[in-house]
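Contents: one structure, followed by commentary.
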Amino acid sequence: MKKNWTPLGYKNLYRELFKKHLDRQNELLKNSRPVGWFFSFHPSELTYIFDVVPAFPEQYSAYCAARGSSVDLIDTSISSGYGHFLCDYFKTTIGMIETPEKATPPLMPKPDFIVSSRALCVAHHEMAEVFARYHRIPKYTVNYPYWTTDSLKNPDELTKEAEWADELYVEYTVESLKGLVDFLSGIAGEADEEKFKEVFRKSEKTSELLIKILNLMMSKPTPGSQREISDLVFIAFFVLGSDYALEFCENAYEIIKERVKKREGVSEEKHRLLTFGIVPWHSLQIYQYCESMGANFPVNLYVNASVHKADSSDPYLSMVRRSMHFTNSSYEMLDGVIKTAKKADINGALLLENTGCRITSMIIRPLAERLGEDLGVQSLILEAPQCDPRVMPMERAKTQIDAFLESIS
Amino acid sequence: MREPFKIFYSIFQERSKLKEYRNEGKKIFGTMCNNVPEEIIHAFDAIPIRMFGNYGNTNLANSKIPSWTCNYARNVMEGGLRGDFSFVDGVVSATTDDTKIHLFSAYRFYMKPEFSYLVQFPYVRDEVSERFFAKELERFTKHLSSFLSAEFDEERLSTSIDTYNRYRDLCHEFERLRAHEKPKIRADEFIALMLASLSMLKEDFISMAEKLPEMLKEHDGFSDYKIRVHLSGTDFYNLTLLRLIEESGMVVVSDDLCTSAGYFTGNVRGKGFNALAQRYSGCTACVMTSGNTELSVEERLEFIRKKMKENRAEAIVLLKDRGCEVCGHQCPWIVREMDVPVLVLDLDFPLSIEQYRTRIEAFVEAHGGG
């Protein structure tokens, strides 16, 4: 299998990044800095400005899924009475809280506060409430709108820069974010003005590099593997604004640029597939399996949704922009996605329906229909919860993929 | 079900009132959440009604949205795809939960209604959010005004608010009939009334139903029960299960359902958008809104406690739709923190009635005191 599969080699870079991230966490914990739990699409820059210890239920659950402990944790949550059809990240985290002995170490540190938002889903808000209640800690909620055609015009699929956004919504979200800054000041002490600017400058540079990397992924042949590219969400969601995120992206960009210059692909390319859905962290080999058969993924819409163009000259607008992704927009706004798919010249799509995630799962069929109608591209929809491998046995998935690739050949 | 309630239930089932309104040339707006501020639609002389589907299976919907989403969402999609909502001129939903948001998007994508609007709910109850929410309601009004080519009139909004408050008062009168030692109204009758009220103009409902509480007070009431229960859940409207619950020795005396007390509890105090914003962001039964230092689940628990105390409920039957995210997150807290027996019924549709019968009967045997 490996003969026809040459990844970019980001693994070592990731290892270094995680090490630096954990070192920073430990250092802050040693200094008794407050611990906050955050969710994807939160303004990660603030955790660096306020020097709080960030922990991420989604990232921790993905880690448990990759290490094989998530199934037991999900079962704990269901036996405690939580619904089966809820987000896997929620169920895994509940499992960690209730049965820490079953969870993969290092566990998330206990939070002193929690920040919820709806830049992606109400579920973040719902789960934040539950976690806040378990730990009896304060919670702050950032309100983001769900964008519709009458409130947002032509957002770019990657940068999230839009032609127009309704001022009422932008201003309210900015107010809400300013409230978050006040909330964090109350918990972690006042922010340093210079540091604020500095962190956002780093965030801007990092975000530009992330966008460049994802643009380069659309080159022919596809230069990288989704096994590596899907990990970029960790940077875009959780550590944007850090030194180590910037350092990672500088190196990663050079690597992919070189690869593209040499016209080297991850494998001998026969198909160019678009993919979408939260990554099934327990079965990342699904990407490698496809790629080793020549079915590469120049576009991963889930990764694309995670990035945005940060703007240090207007940090608050920049934080609002994070929410202007197609998964937080009404379905007529799939135009940007179609444009990206066209640009990447795809000939098929692998769409992952994440059981329990209403956001990714409910948009899947409209997405498949638009790809079919606008580009004549067929999609394979696989039911693939992000932390529960029982619903997507690899052997079954492989058979479905084989049949699909044969049908589009 | 007694005769007058059958008439109300047929209004819901046959949509007979809606046909009348259509014939009068009125515009009909379907809502997908009990937290859509209907008074605004009503103020334009249009008809706000709650969209419901009641299909045995939802094959068409399952091909467009995941089959594990809640029964309510699948049934609305099914209705839309079957063309059964052709009488609706526009749809309005709210960002109250993920399903409601994405049901709105999917419905809009597939059915392409002439008008659609998603009311952006704040999840926080503070000054900034309430100010925003009032402006958001104003924004909704502008969109509606433009679609209907009709001027907005503040006086008419006040009249609509009054009408809705009178409706809510009437619903509370019905609710009080449940408080008697011998409750005067059956659960299926109560929900039949509620469903009718969601399928017609409130003033028409009031004129049809306002004499009923007086009439029902004369009734002896029902004493054929062993335990008084509170029904907890969301968008529930299955009368078969309600009948089964009461046939098995329970009597339903209160609820927090989105189709019942969660909908009618709480009057609008004052005039204009600010008053509406306060009322709708303060609906504590199911809205995920709370103060930044509070949690909405605590408010829900408080709501349930209050209703149970008022009508002397002794136990809770929790109707947990397997696809409902609100139930999914909040259910364990209701079970853990309410100091009464709780029967959790995991709902999947079509209902396997016999399985529920066994569970309900066992619960009554264990907690029914006899």
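Naming works like this for the structure tokens: A, B, ... for the chains as they're shown, residue 1 at the start of each chain, ligands 1 onward in shown order.
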
Using only C-alpha atoms, find the residues of chain A whose closest atom to chain B is at most 8 Å away, then write them as a PDB file with N, CA and C atoms, in the first residue's frame.
```
ATOM      1  N   SER A  80     -25.521   6.942  31.194  1.00  0.00           N
ATOM      2  CA  SER A  80     -25.895   8.003  32.142  1.00  0.00           C
ATOM      3  C   SER A  80     -27.170   8.713  31.724  1.00  0.00           C
ATOM      4  N   GLY A  81     -27.724   8.336  30.597  1.00  0.00           N
ATOM      5  CA  GLY A  81     -29.013   8.891  30.189  1.00  0.00           C
ATOM      6  C   GLY A  81     -28.941   9.911  29.070  1.00  0.00           C
ATOM      7  N   TYR A  82     -27.748  10.257  28.632  1.00  0.00           N
ATOM      8  CA  TYR A  82     -27.648  11.223  27.523  1.00  0.00           C
ATOM      9  C   TYR A  82     -28.064  10.519  26.236  1.00  0.00           C
ATOM     10  N   GLY A  83     -28.587  11.319  25.298  1.00  0.00           N
ATOM     11  CA  GLY A  83     -29.124  10.749  24.072  1.00  0.00           C
ATOM     12  C   GLY A  83     -28.042  10.071  23.231  1.00  0.00           C
ATOM     13  N   HIS A  84     -28.471   9.043  22.523  1.00  0.00           N
ATOM     14  CA  HIS A  84     -27.548   8.334  21.639  1.00  0.00           C
ATOM     15  C   HIS A  84     -27.162   9.220  20.447  1.00  0.00           C
ATOM     16  N   PHE A  85     -28.154   9.971  19.943  1.00  0.00           N
ATOM     17  CA  PHE A  85     -27.899  10.752  18.731  1.00  0.00           C
ATOM     18  C   PHE A  85     -27.461  12.180  19.069  1.00  0.00           C
ATOM     19  N   LEU A  86     -26.449  12.239  19.889  1.00  0.00           N
ATOM     20  CA  LEU A  86     -25.815  13.525  20.207  1.00  0.00           C
ATOM     21  C   LEU A  86     -24.402  13.478  19.660  1.00  0.00           C
ATOM     22  N   CYS A 121     -22.510  25.423  16.001  1.00  0.00           N
ATOM     23  CA  CYS A 121     -23.725  24.689  16.368  1.00  0.00           C
ATOM     24  C   CYS A 121     -24.262  25.114  17.736  1.00  0.00           C
ATOM     25  N   VAL A 122     -25.566  24.887  17.912  1.00  0.00           N
ATOM     26  CA  VAL A 122     -26.179  25.111  19.222  1.00  0.00           C
ATOM     27  C   VAL A 122     -25.669  24.040  20.186  1.00  0.00           C
ATOM     28  N   ALA A 123     -25.276  22.905  19.614  1.00  0.00           N
ATOM     29  CA  ALA A 123     -24.775  21.803  20.453  1.00  0.00           C
ATOM     30  C   ALA A 123     -23.585  22.255  21.309  1.00  0.00           C
ATOM     31  N   GLU A 126     -25.187  23.814  24.122  1.00  0.00           N
ATOM     32  CA  GLU A 126     -25.869  22.809  24.958  1.00  0.00           C
ATOM     33  C   GLU A 126     -24.864  22.018  25.781  1.00  0.00           C
ATOM     34  N   MET A 127     -23.760  21.626  25.134  1.00  0.00           N
ATOM     35  CA  MET A 127     -22.784  20.815  25.881  1.00  0.00           C
ATOM     36  C   MET A 127     -22.028  21.675  26.906  1.00  0.00           C
ATOM     37  N   GLU A 129     -23.266  23.991  28.619  1.00  0.00           N
ATOM     38  CA  GLU A 129     -24.141  24.076  29.795  1.00  0.00           C
ATOM     39  C   GLU A 129     -23.976  22.842  30.676  1.00  0.00           C
ATOM     40  N   VAL A 130     -23.952  21.699  30.025  1.00  0.00           N
ATOM     41  CA  VAL A 130     -23.835  20.447  30.789  1.00  0.00           C
ATOM     42  C   VAL A 130     -22.479  20.394  31.504  1.00  0.00           C
ATOM     43  N   ARG A 133     -22.306  22.682  34.388  1.00  0.00           N
ATOM     44  CA  ARG A 133     -23.091  22.204  35.529  1.00  0.00           C
ATOM     45  C   ARG A 133     -22.342  21.111  36.294  1.00  0.00           C
ATOM     46  N   PRO A 138     -18.295  29.122  36.020  1.00  0.00           N
ATOM     47  CA  PRO A 138     -18.957  30.130  35.179  1.00  0.00           C
ATOM     48  C   PRO A 138     -18.815  29.821  33.692  1.00  0.00           C
ATOM     49  N   LYS A 139     -19.811  30.269  32.945  1.00  0.00           N
ATOM     50  CA  LYS A 139     -19.835  30.032  31.491  1.00  0.00           C
ATOM     51  C   LYS A 139     -20.089  31.368  30.804  1.00  0.00           C
ATOM     52  N   TYR A 140     -19.389  31.585  29.716  1.00  0.00           N
ATOM     53  CA  TYR A 140     -19.703  32.767  28.906  1.00  0.00           C
ATOM     54  C   TYR A 140     -20.116  32.290  27.515  1.00  0.00           C
ATOM     55  N   THR A 141     -21.164  32.909  26.978  1.00  0.00           N
ATOM     56  CA  THR A 141     -21.651  32.495  25.658  1.00  0.00           C
ATOM     57  C   THR A 141     -21.437  33.604  24.641  1.00  0.00           C
ATOM     58  N   ASN A 143     -22.524  34.933  21.140  1.00  0.00           N
ATOM     59  CA  ASN A 143     -23.611  34.759  20.165  1.00  0.00           C
ATOM     60  C   ASN A 143     -23.127  35.062  18.759  1.00  0.00           C
ATOM     61  N   PRO A 145     -24.471  34.779  14.617  1.00  0.00           N
ATOM     62  CA  PRO A 145     -25.681  34.474  13.838  1.00  0.00           C
ATOM     63  C   PRO A 145     -25.480  33.235  12.976  1.00  0.00           C
ATOM     64  N   TYR A 146     -26.581  32.662  12.544  1.00  0.00           N
ATOM     65  CA  TYR A 146     -26.546  31.661  11.473  1.00  0.00           C
ATOM     66  C   TYR A 146     -26.807  32.467  10.208  1.00  0.00           C
ATOM     67  N   LEU A 168     -26.246  44.714  11.695  1.00  0.00           N
ATOM     68  CA  LEU A 168     -26.910  44.392  12.962  1.00  0.00           C
ATOM     69  C   LEU A 168     -26.269  43.154  13.590  1.00  0.00           C
ATOM     70  N   TYR A 172     -23.663  43.060  16.853  1.00  0.00           N
ATOM     71  CA  TYR A 172     -24.065  42.308  18.054  1.00  0.00           C
ATOM     72  C   TYR A 172     -22.986  41.273  18.414  1.00  0.00           C
ATOM     73  N   GLU A 175     -20.135  43.000  20.007  1.00  0.00           N
ATOM     74  CA  GLU A 175     -20.482  43.308  21.411  1.00  0.00           C
ATOM     75  C   GLU A 175     -20.290  42.069  22.283  1.00  0.00           C
ATOM     76  N   SER A 330     -27.063  29.199   5.368  1.00  0.00           N
ATOM     77  CA  SER A 330     -28.172  28.444   4.774  1.00  0.00           C
ATOM     78  C   SER A 330     -27.715  27.788   3.472  1.00  0.00           C
ATOM     79  N   TYR A 331     -28.441  26.741   3.096  1.00  0.00           N
ATOM     80  CA  TYR A 331     -27.942  25.848   2.039  1.00  0.00           C
ATOM     81  C   TYR A 331     -27.901  26.464   0.641  1.00  0.00           C
ATOM     82  N   GLU A 332     -28.568  27.585   0.445  1.00  0.00           N
ATOM     83  CA  GLU A 332     -28.452  28.216  -0.893  1.00  0.00           C
ATOM     84  C   GLU A 332     -27.071  28.822  -1.044  1.00  0.00           C
ATOM     85  N   THR A 355     -22.966  10.782  12.436  1.00  0.00           N
ATOM     86  CA  THR A 355     -24.164  10.511  13.237  1.00  0.00           C
ATOM     87  C   THR A 355     -24.127  11.376  14.502  1.00  0.00           C
ATOM     88  N   GLY A 356     -25.213  12.046  14.775  1.00  0.00           N
ATOM     89  CA  GLY A 356     -25.286  12.877  15.976  1.00  0.00           C
ATOM     90  C   GLY A 356     -24.927  14.326  15.715  1.00  0.00           C
ATOM     91  N   ARG A 358     -25.817  17.323  13.661  1.00  0.00           N
ATOM     92  CA  ARG A 358     -26.851  17.801  12.746  1.00  0.00           C
ATOM     93  C   ARG A 358     -26.269  18.746  11.692  1.00  0.00           C
ATOM     94  N   ILE A 359     -25.216  19.436  12.064  1.00  0.00           N
ATOM     95  CA  ILE A 359     -24.640  20.441  11.164  1.00  0.00           C
ATOM     96  C   ILE A 359     -24.079  19.786   9.915  1.00  0.00           C
ATOM     97  N   SER A 361     -24.352  16.597   9.003  1.00  0.00           N
ATOM     98  CA  SER A 361     -25.165  15.536   8.401  1.00  0.00           C
ATOM     99  C   SER A 361     -26.356  16.066   7.615  1.00  0.00           C
ATOM    100  N   MET A 362     -26.932  17.177   8.077  1.00  0.00           N
ATOM    101  CA  MET A 362     -28.130  17.642   7.376  1.00  0.00           C
ATOM    102  C   MET A 362     -27.790  18.367   6.079  1.00  0.00           C
ATOM    103  N   ILE A 363     -26.572  18.839   5.959  1.00  0.00           N
ATOM    104  CA  ILE A 363     -26.200  19.570   4.734  1.00  0.00           C
ATOM    105  C   ILE A 363     -25.638  18.623   3.656  1.00  0.00           C
ATOM    106  N   ARG A 365     -26.767  15.929   1.975  1.00  0.00           N
ATOM    107  CA  ARG A 365     -27.532  15.592   0.762  1.00  0.00           C
ATOM    108  C   ARG A 365     -27.700  16.805  -0.160  1.00  0.00           C
ATOM    109  N   PRO A 366     -28.034  17.973   0.399  1.00  0.00           N
ATOM    110  CA  PRO A 366     -28.053  19.150  -0.494  1.00  0.00           C
ATOM    111  C   PRO A 366     -26.701  19.367  -1.181  1.00  0.00           C
TER     112      PRO A 366
END
```

### Query
Using only C-alpha atoms, which residues sit within 9 Å of A:Phe276 once same-chain residues fewer than 4 positions away are excluded, as a PyMOL selection string?
chain A and resi 299-303+349-353+360+364

### Message
What parts of stretch 158-206 of chain A does DSSP call helix (DSSP H, G or I)? I'd like the answer as an MDAnalysis selection string.
### Response
chainID A and resid 167:188 193:206

Would you give me, as a Markdown table, each residue of stretch 141-162 of chain B having an atom within 9 Å of an atom of stretch 26-41 of chain B, along with its shortest atom pair and that distance in Å to one decimal, using only C-alpha atoms and sorting by chain and residue number?
```
| residue | atom | partner | partner_atom | distance |
| --- | --- | --- | --- | --- |
| B:Thr141 | CA | B:Ile40 | CA | 6.6 |
| B:Leu144 | CA | B:Ile41 | CA | 7.7 |
| B:Leu148 | CA | B:Lys27 | CA | 8.5 |
| B:Leu157 | CA | B:Ile40 | CA | 6.5 |
| B:Ser158 | CA | B:Glu39 | CA | 8.7 |
| B:Thr159 | CA | B:Glu39 | CA | 8.9 |
| B:Ser160 | CA | B:Glu39 | CA | 5.4 |
| B:Ile161 | CA | B:Glu39 | CA | 5.9 |
```

Go ahead and save the picked residues with N, CA and C atoms, as an mmCIF file, in the first residue's frame.
```cif
data_model
loop_
_atom_site.group_PDB
_atom_site.id
_atom_site.type_symbol
_atom_site.label_atom_id
_atom_site.label_comp_id
_atom_site.auth_asym_id
_atom_site.auth_seq_id
_atom_site.Cartn_x
_atom_site.Cartn_y
_atom_site.Cartn_z
ATOM 1 N N THR B 141 -39.843 42.010 10.948
ATOM 2 C CA THR B 141 -41.040 42.759 10.573
ATOM 3 C C THR B 141 -40.845 43.448 9.213
ATOM 4 N N LEU B 144 -41.041 40.955 6.427
ATOM 5 C CA LEU B 144 -42.421 40.517 6.245
ATOM 6 C C LEU B 144 -43.228 41.609 5.541
ATOM 7 N N LEU B 148 -45.143 41.199 2.036
ATOM 8 C CA LEU B 148 -46.604 41.335 1.963
ATOM 9 C C LEU B 148 -47.039 42.654 1.326
ATOM 10 N N LEU B 157 -49.955 45.779 16.120
ATOM 11 C CA LEU B 157 -49.114 44.850 16.882
ATOM 12 C C LEU B 157 -49.610 44.766 18.326
ATOM 13 N N SER B 158 -49.984 45.907 18.878
ATOM 14 C CA SER B 158 -50.506 45.912 20.251
ATOM 15 C C SER B 158 -51.777 45.075 20.346
ATOM 16 N N THR B 159 -52.637 45.212 19.332
ATOM 17 C CA THR B 159 -53.868 44.418 19.324
ATOM 18 C C THR B 159 -53.532 42.929 19.255
ATOM 19 N N SER B 160 -52.560 42.591 18.422
ATOM 20 C CA SER B 160 -52.162 41.179 18.302
ATOM 21 C C SER B 160 -51.598 40.668 19.624
ATOM 22 N N ILE B 161 -50.790 41.495 20.261
ATOM 23 C CA ILE B 161 -50.227 41.090 21.553
ATOM 24 C C ILE B 161 -51.364 40.816 22.550
#
```

### Summary
A:Lys153 proximity check over A:Leu334, A:Leu209, A:Leu214, A:Val279, using only C-alpha atoms: winner is A:Leu334

### Message
Which residues are near stretch 187-189 of chain B? Cut-off 6 Å, only C-alpha atoms, ignore same chain within fewer than 5 positions. Put them as a PyMOL selection string.
### Response
chain B and resi 5+239+242+252

Kindly export the residues of the current selection with N, CA and C atoms, as a PDB file, in the first residue's frame.
```pdb
ATOM      1  N   PHE B   5     -64.026  18.227  21.914  1.00  0.00           N
ATOM      2  CA  PHE B   5     -62.598  18.113  21.619  1.00  0.00           C
ATOM      3  C   PHE B   5     -62.355  17.462  20.258  1.00  0.00           C
ATOM      4  N   LEU B 239     -51.460  11.491  20.099  1.00  0.00           N
ATOM      5  CA  LEU B 239     -52.551  11.266  21.055  1.00  0.00           C
ATOM      6  C   LEU B 239     -52.620   9.801  21.500  1.00  0.00           C
ATOM      7  N   LEU B 242     -50.677   9.328  24.588  1.00  0.00           N
ATOM      8  CA  LEU B 242     -51.321  10.003  25.722  1.00  0.00           C
ATOM      9  C   LEU B 242     -52.469   9.158  26.260  1.00  0.00           C
ATOM     10  N   VAL B 252     -52.559  12.907  33.476  1.00  0.00           N
ATOM     11  CA  VAL B 252     -51.599  13.979  33.185  1.00  0.00           C
ATOM     12  C   VAL B 252     -52.160  15.286  33.733  1.00  0.00           C
TER      13      VAL B 252
END
```
